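Trainee: Below you'll find the structure I mean.
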Amino acid sequence: MTPLLRVQDLTTTFDTPAGTARAVDGVSFSLDPGETLALVGESGSGKTVTALSILRLIEPPGRIHPDSRVEFDGRDLLTLSPRDLRRVRGAGIAMIFQEPMTSLNPVLTVGTQIGETVEAHESVTRAEVRDRTVEMLRLVGIPDPTRRWRSYPHELSGGMRQRVMIAMALVCRPRVLIADEPTTALDVTIQAQILDLLRDLAQRLDMAMVLITHDLGVAAEIADRVAVMYGGRIVEQAPTARLYAHPAHPYTEGLLQAAPRLDGPAYPTPAIPGAVPPATAWPDGCRFHPRCTHAWERCHTEPPLIDVAAGQTARCWLRAAPGDPS
Amino acid sequence: MTTADPLLVVDGLVKRFPVSRGWLRKPDTLHAVDGVSLAIPRGQTLGLVGESGSGKSTLSRCVVRLLTPDAGRIVFDGVEVLALDPRALRAFRRRIQIVFQDPFGSLNPRMRIGTAVREPIEIHHLAPAGDADDRVTALLREVGLDPSFAERYPHELSGGQRQRVCIARALAVEPECLVLDEPVSALDVSVQAQVLTLLRDLQARRGLTYLFIAHDLAVVRQMAQRVMVMYLGRIVEDALATRLYRIPRHPYTAALLSAVPAPDPTRRANRIVLPGEPPSPMAVPPGCAFHPRCPHPRKDTRCERESPALRDLDGTRVACHYAEEPARGPAAPAP
Amino acid sequence: MTRIRLGSLAVAALLLLAILAPVIAPYAPTAQPDLIGLRNAAPSWAHPFGTDMFSRDVLSRVLYGARVSLLIGVLAVAISVTVGTAVGLAAGYAGGAVDAGLMRVVDAGLAIPKIFVVLVVLALWEGITVPVLVGILGFTGWFGVSRIVRAETQSARGREYVAAARAIGIPTHRILVRHVLPNVAAPILVVASLGIGQVILLEAGLSYLGVGVPQPMPSWGNIIADGQHLFASAPWISTAPGLAIVATVMAFSVLADGMRAALDPRDR
């Protein structure tokens with residue numbers, strides 16, 4: 001199956017007074033139609049910048065390096081003309097963000113904002129726009145959609161606003177949805193609702209999803225595959241069940257151990273020592289090795305992504321078979 | 001459970017906020033906290049869990065007297081906190097401190113770290129002038145920060161480091177009790193684990209008592225011996241941690257537990273998804289506040305009419321008419 | 001060059017000129033060397049800005065006038081800022097009745113046109129002197145400052161570091177001085193800068209109308225007044241101080257703008 005979205009060697013840097021921050025440094029992954037991939041990482045891992053780079057939403061002082069490639073449906077998004085890119089945004093690939101309150105315009109009604117997306121991509125009558133919008137509100141589970149169509153963002157709760165964001169993103173039936181921490185700002189019970197909704201919609205609309213999150217639990221909930229990011233690079237990729245049962249990279253292991261759980265022993269959860277280094281000064285070799293309990297001399301050379309098992313790769317020398325060239 | 005005298009007792013606390021609805025209309029009332037009672041034994045941690053609108057943050061601010069409750073009592077080590085005059089109140093502030101959720105907003109951006117940590121020492125005259133700096137150094141070390149941090153400004157530190165500074169500042173007055181209002185919610189998972197470990201170490205070393213407030217049940221489980229669940233300003237369940245996590249008695253607790261996304265893909269099936277949204281604390285439903293969303297099979301008209309009292313059930317306090325029959329089986333798989 | 005640098009240099013240059021006036025000015029401001037030959041003389045090497053009807057050197061008068069105008073501007077604004085900040089802090093932090101009461105006073109103050117009040121007071125005052133002018137301009141100019149300080153104080157009050165300070169037991173006055181004020185200082189500086197330019201303009205107007213700085217002390221306003229009726233034949237008398245006013249107000253405006261740009265993004 002040819003991948004719907006293929007990111008190759010994506011590198012995005014920011015010029016800061018403290019030096020050049022290599023926020024995303026050679027990231028590659030692919031997404032098949034209908035698949036959900038979770039990009040998991042903590043702050044400073046580069047996951048949000050990766051998402052923004054895919055849709056070319058990076059502003060100076062950030063730059064996407066010319067060697068990067070982002071192929072969607074066979075075309076390189078990074079070299080598209082602005083007009084063609086605009087056509088892809090919203091209709092081919094859509095994105096939802098973390099804070100629904102700041103992502104929605106407070107002075108426009110919900111219906112107007114969803115309608116804008118339709119009008120931007122298709123030429124339809126006002127009545128059709130309205131019908132599509134109401135239909136979308138119903139699809140995302142907003143009760144009484146014909147009335148809610150006229151509501152303003154501040155009249156809605158956090159969970160409903162996030163549903164509106166999802167409606168806005170999906171109204172033109174994009175093939176790919178990029179969701180950047182869609183549930184982080186929500187209460188736990190609402191989070192469960194939204195995750196259910198996303199999973200349901202992805203299936204119904206045959207949509208592929210890139211879910212960006214720092215929460216391993218959220219990733220386990222709805223992803224088919226997980227890619228763990230650290231230091232601007234992907235350090236492990238695997239099908240979900242495999243990653244949680246047999247993590248291959250020490251960082252993934254550390255994250256899984258550090259995550260508070262409802263089952264198992266109550267405490268203590270061991271912490272990963274140290275802190276994430278600044279993006280202007282990644283360590284030499286393996287970026288995680290200064291904090292890794294298994295580090296050895298070979299780690300001063302950066303490992304490539306090594307095949308561990310079917311579909312699982314890890315960027316760690318520990319996974320290299322003996323006799324592998326360094 | 002321990003029979004030692006509790007360090008902190010709250011009895012029937014009520015806090016309401018008037019919300020103006022414009023010039024000509026009578027203001028609405030927001031019932032933030034609606035009759036909450038709790039007790040924390042010395043040296044232990046009480047976990048307080050709730051979502052937005054539950055009133056947990058308001059409660060925490062009342063306990064440290066940043067807000068004045070409308071009714072109820074707060075007793076700290078036998079002292080009636082609400083009856084204290086301003087001078088005695090100042091002395092009381094030394095014994096209980098609060099750490100907030102937002103490490104970015106809790107520190108004055110124009111004040112150096114060292115100055116911020118030293119200020120409580122100066123205010124309460126806890127050390128002669130020359131020694132204050134030594135105390136600051138010792139405090140920074142105790143929370144795992146290099147003393148050179150004293151010269152830096154908050155914006156130069158990461159979220160986890162700022163939170164450690166807030167903890168150091170709270171410890172500067174040598175309190176007996178810390179109120180921790182979502183202290184790790186804004187932090188990354190690996191940093192969270194570090195800060196929680198620090199808090200546990202401090203508790204063991206200094207014999208501190210904690211009121212630990214969070215919306216994340218999994219985090220609370222790491223810290224608390226006893227857990228209280230709040231919904232719309234009222235307590236719905238109050239139980240030993242070991243019991244609450246295995247057999248939640250209140251349907252809301254069960255839903256909360258099953259809603260926590262676990263890093264375990266095999267757990268997906270057992271999810272309870274509550275319908276609808278938490279109602280606004282300005283429009284609390286009649287009868288049981290939870291009834292519109294309650295999935296309990298025995299829910300009936302009694303739930304709509306009669307607000308269940310918090311009653312004792314085998315050492316657990318629960319506010320549900322049908323708590324004897326749990327809504328669902330245990331949410332978490334047996335270890 | 002950034003605005004703040006340009007503005008600071010310009011203001012510094014003006015201050016320097018004003019301070020060094022006695023050294024730089026070629027003549028005494030009240031010297032009348034030749035009432036017949038040098039009356040209303042056009043600009044020349046000896047008198048770069050010409051002379052006025054009393055044969056006084058206009059350049060020297062403008063330089064000395066700078067001292068008076070800048071002094072009045074700076075001192076009056078100092079008073080306005082001090083009073084306005086105190087009121088704003090009190091109203092913003094205390095809230096409730098205190099806030100309501102103080103803000104009604106401020107509203108009244110802002111509603112009445114300042115020039116009207118000033119003119120009435122000055123017209124009734126016997127013997128206007130520079131200190132009197134400073135006082136009147138200062139005490140009628142604090143209302144706007146207090147509004148801004150109040151808004152910033154309210155916003156700072158809601159921040160968690162203020163709640164943390166209260167929880168530690170820090171007394172209110174110390175919270176205001178050590179926690180609120182430094183975070184409120186930025187907009188105050190901007191307003192003060194702009195205010196100096198405004199007061200100088202106002203003083204010039206008052207002096208022009210004859211109720212400002214008393215003759216023969218030179219102030220830019222009364223030099224303009226002097227040259228007004230001679231504008232057709234000796235335009236330099238009024239033009240020179242006019243240019244000085246424009247330059248000064250612009251310098252302060254650029255400085256204020258530069259400060260606003262430099263301080264804003266870092267704060268938010």
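Ligands are numbered from 1 in the order shown, residues from 1 within each chain, and chains are lettered A, B, ... in the order they appear in the structure tokens.
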Give me the residues within 8 Å of Ala18 (chain C) as a list in words, counting only C-alpha atoms and dropping any in the same chain fewer than 4 places off.

Mentor: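 That gives Leu14, Leu63, Tyr64, Ala66, Arg67 and Leu70 of chain C.
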
Trainee: Can I get the selection written as an mmCIF file, in the first residue's frame, with C-alpha atoms?

Mentor:
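And here is the file that came out, again.cif:
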data_model
loop_
_atom_site.group_PDB
_atom_site.id
_atom_site.type_symbol
_atom_site.label_atom_id
_atom_site.label_comp_id
_atom_site.auth_asym_id
_atom_site.auth_seq_id
_atom_site.Cartn_x
_atom_site.Cartn_y
_atom_site.Cartn_z
ATOM 1 C CA LEU C 14 18.436 68.459 24.575
ATOM 2 C CA LEU C 63 18.665 78.072 25.040
ATOM 3 C CA TYR C 64 17.753 79.559 28.386
ATOM 4 C CA ALA C 66 14.988 75.261 27.199
ATOM 5 C CA ARG C 67 16.020 75.145 30.831
ATOM 6 C CA LEU C 70 12.359 71.208 30.394
#

Trainee: Using DSSP on the backbone coordinates, identify all residues within region 72-265 of chain A classified as strand (DSSP E or B); present the result as a VMD selection string.

Mentor: chain A and resid 72 75 to 76 89 93 to 96 176 to 180 208 to 213 225 to 230 233 to 239

Trainee: Leaving out Glu302 (chain A) and any residue of its chain fewer than 2 positions from it, which residues lie within 10 Å of it when counting only C-alpha atoms, given as a list in words?

Mentor: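 Here the answer would be Pro283, Asp284, Gly285, Cys286, Arg287, Phe288, His289, Arg298, Cys299, His300, Pro304, Leu305, Arg315, Cys316, Trp317 and Ser326 of chain A.
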
Trainee: Go ahead and write the residues just picked, C-alpha atoms, as a PDB file, in the first residue's frame.

Mentor:
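Okay, out.pdb is ready:
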ATOM      1  CA  PRO A 283      24.655  16.203  22.788  1.00  0.00           C
ATOM      2  CA  ASP A 284      27.097  14.493  20.408  1.00  0.00           C
ATOM      3  CA  GLY A 285      26.186  11.057  19.260  1.00  0.00           C
ATOM      4  CA  CYS A 286      22.993   9.612  20.684  1.00  0.00           C
ATOM      5  CA  ARG A 287      21.044  12.570  22.008  1.00  0.00           C
ATOM      6  CA  PHE A 288      19.694  10.639  24.937  1.00  0.00           C
ATOM      7  CA  HIS A 289      22.942   9.084  26.112  1.00  0.00           C
ATOM      8  CA  ARG A 298      29.605   3.477  21.346  1.00  0.00           C
ATOM      9  CA  CYS A 299      26.861   5.947  22.206  1.00  0.00           C
ATOM     10  CA  HIS A 300      29.150   8.829  21.280  1.00  0.00           C
ATOM     11  CA  PRO A 304      20.688   4.904  12.966  1.00  0.00           C
ATOM     12  CA  LEU A 305      17.199   3.480  13.265  1.00  0.00           C
ATOM     13  CA  ARG A 315      17.636   4.335  17.444  1.00  0.00           C
ATOM     14  CA  CYS A 316      19.846   2.572  19.945  1.00  0.00           C
ATOM     15  CA  TRP A 317      23.084   0.605  19.732  1.00  0.00           C
ATOM     16  CA  SER A 326      28.872   1.085  13.552  1.00  0.00           C
TER      17      SER A 326
END

Trainee: Set the distance at 12 Å and use only C-alpha atoms: which residues neighbour Ala247 (chain C) once local chain neighbours fewer than 2 positions away are removed? I'd like the list as a list in words.

Mentor: Gly7, Ala10, Val11, Ala13, Leu14, Ala66, Gly197, Ile200, Leu201, Ala240, Pro241, Gly242, Leu243, Ala244, Ile245, Val249, Met250, Ala251, Phe252, Ser253 and Val254 of chain C

Trainee: Measure the distance from CA of Ala172 (chain B) to CA of Arg200 (chain B) in Å and round it to one decimal.

Mentor: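 Atom-to-atom, CA of Ala172 (chain B) and CA of Arg200 (chain B) are spaced 17.4 Å apart.
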
Trainee: Mind giving me the straight-line distance from CA of Ala259 (chain A) to CA of Ala186 (chain B) in Å, one decimal?

Mentor: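 CA of Ala186 (chain B) lies at a distance of 14.3 Å from CA of Ala259 (chain A).
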
Trainee: With distances taken over only C-alpha atoms, which residue among B:Leu145, B:Ile74, B:Ala262, B:Val227 lies nearest chain A?

Mentor: B:Ala262

Trainee: Could you check the closest approach to Leu198 (chain B) for each of B:Arg16, B:Arg164, B:Arg305, B:Arg221 and tell me which residue wins, using only C-alpha atoms?

Mentor: B:Arg164

Trainee: Where in region 104-317 of chain B does DSSP assign alpha helix (DSSP H), given as a ChimeraX atom specification?

Mentor: /B:113-123,132-142,159-171,189-206,217-221,241-246,251-259,301-305

Trainee: Please, which residues of chain A lie no more than 7 Å from chain B when the count uses only C-alpha atoms, and can they be set out as a list in words?

Mentor: Glu42, Ser43, Asp187, Val188, Thr189, Ala192, Gln193, Leu216, Gly217, Val218, Ala220, Glu221, Ala241, Tyr244, Leu255, Ala258, Ala259, Pro260, Arg261, Leu262, Asp263, Gly264, Ala266, Tyr267, Pro268, Thr269, Pro270, Ala271 and Ile272 of chain A

Trainee: Create the file for the chosen residues now, containing C-alpha atoms and written as a PDB file, in the first residue's frame.

Mentor:
ATOM      1  CA  GLU A  42       7.796  15.661  25.897  1.00  0.00           C
ATOM      2  CA  SER A  43       8.316  19.401  25.548  1.00  0.00           C
ATOM      3  CA  ASP A 187     -11.092  17.288  31.895  1.00  0.00           C
ATOM      4  CA  VAL A 188     -10.497  13.555  32.066  1.00  0.00           C
ATOM      5  CA  THR A 189     -14.096  12.524  31.432  1.00  0.00           C
ATOM      6  CA  ALA A 192     -12.482  10.171  27.064  1.00  0.00           C
ATOM      7  CA  GLN A 193     -15.405  11.462  25.006  1.00  0.00           C
ATOM      8  CA  LEU A 216       1.371   7.700  26.590  1.00  0.00           C
ATOM      9  CA  GLY A 217      -2.076   6.718  27.766  1.00  0.00           C
ATOM     10  CA  VAL A 218      -3.769   8.805  25.093  1.00  0.00           C
ATOM     11  CA  ALA A 220      -2.349   3.794  23.598  1.00  0.00           C
ATOM     12  CA  GLU A 221      -6.032   4.643  23.353  1.00  0.00           C
ATOM     13  CA  ALA A 241       0.759  -3.136  21.280  1.00  0.00           C
ATOM     14  CA  TYR A 244       4.014  -0.933  25.236  1.00  0.00           C
ATOM     15  CA  LEU A 255       8.699   7.145  29.904  1.00  0.00           C
ATOM     16  CA  ALA A 258       7.666   7.200  34.844  1.00  0.00           C
ATOM     17  CA  ALA A 259       4.025   7.366  33.821  1.00  0.00           C
ATOM     18  CA  PRO A 260       1.742   7.130  36.835  1.00  0.00           C
ATOM     19  CA  ARG A 261      -0.473   4.063  36.606  1.00  0.00           C
ATOM     20  CA  LEU A 262      -3.704   2.915  38.106  1.00  0.00           C
ATOM     21  CA  ASP A 263      -2.561  -0.654  38.334  1.00  0.00           C
ATOM     22  CA  GLY A 264       0.641  -2.141  39.615  1.00  0.00           C
ATOM     23  CA  ALA A 266       1.444   2.625  43.768  1.00  0.00           C
ATOM     24  CA  TYR A 267       4.897   4.097  44.072  1.00  0.00           C
ATOM     25  CA  PRO A 268       7.643   4.921  43.535  1.00  0.00           C
ATOM     26  CA  THR A 269       7.791   5.536  39.796  1.00  0.00           C
ATOM     27  CA  PRO A 270      11.405   5.908  38.849  1.00  0.00           C
ATOM     28  CA  ALA A 271      12.230   9.153  37.128  1.00  0.00           C
ATOM     29  CA  ILE A 272      14.513   9.678  34.165  1.00  0.00           C
TER      30      ILE A 272
END
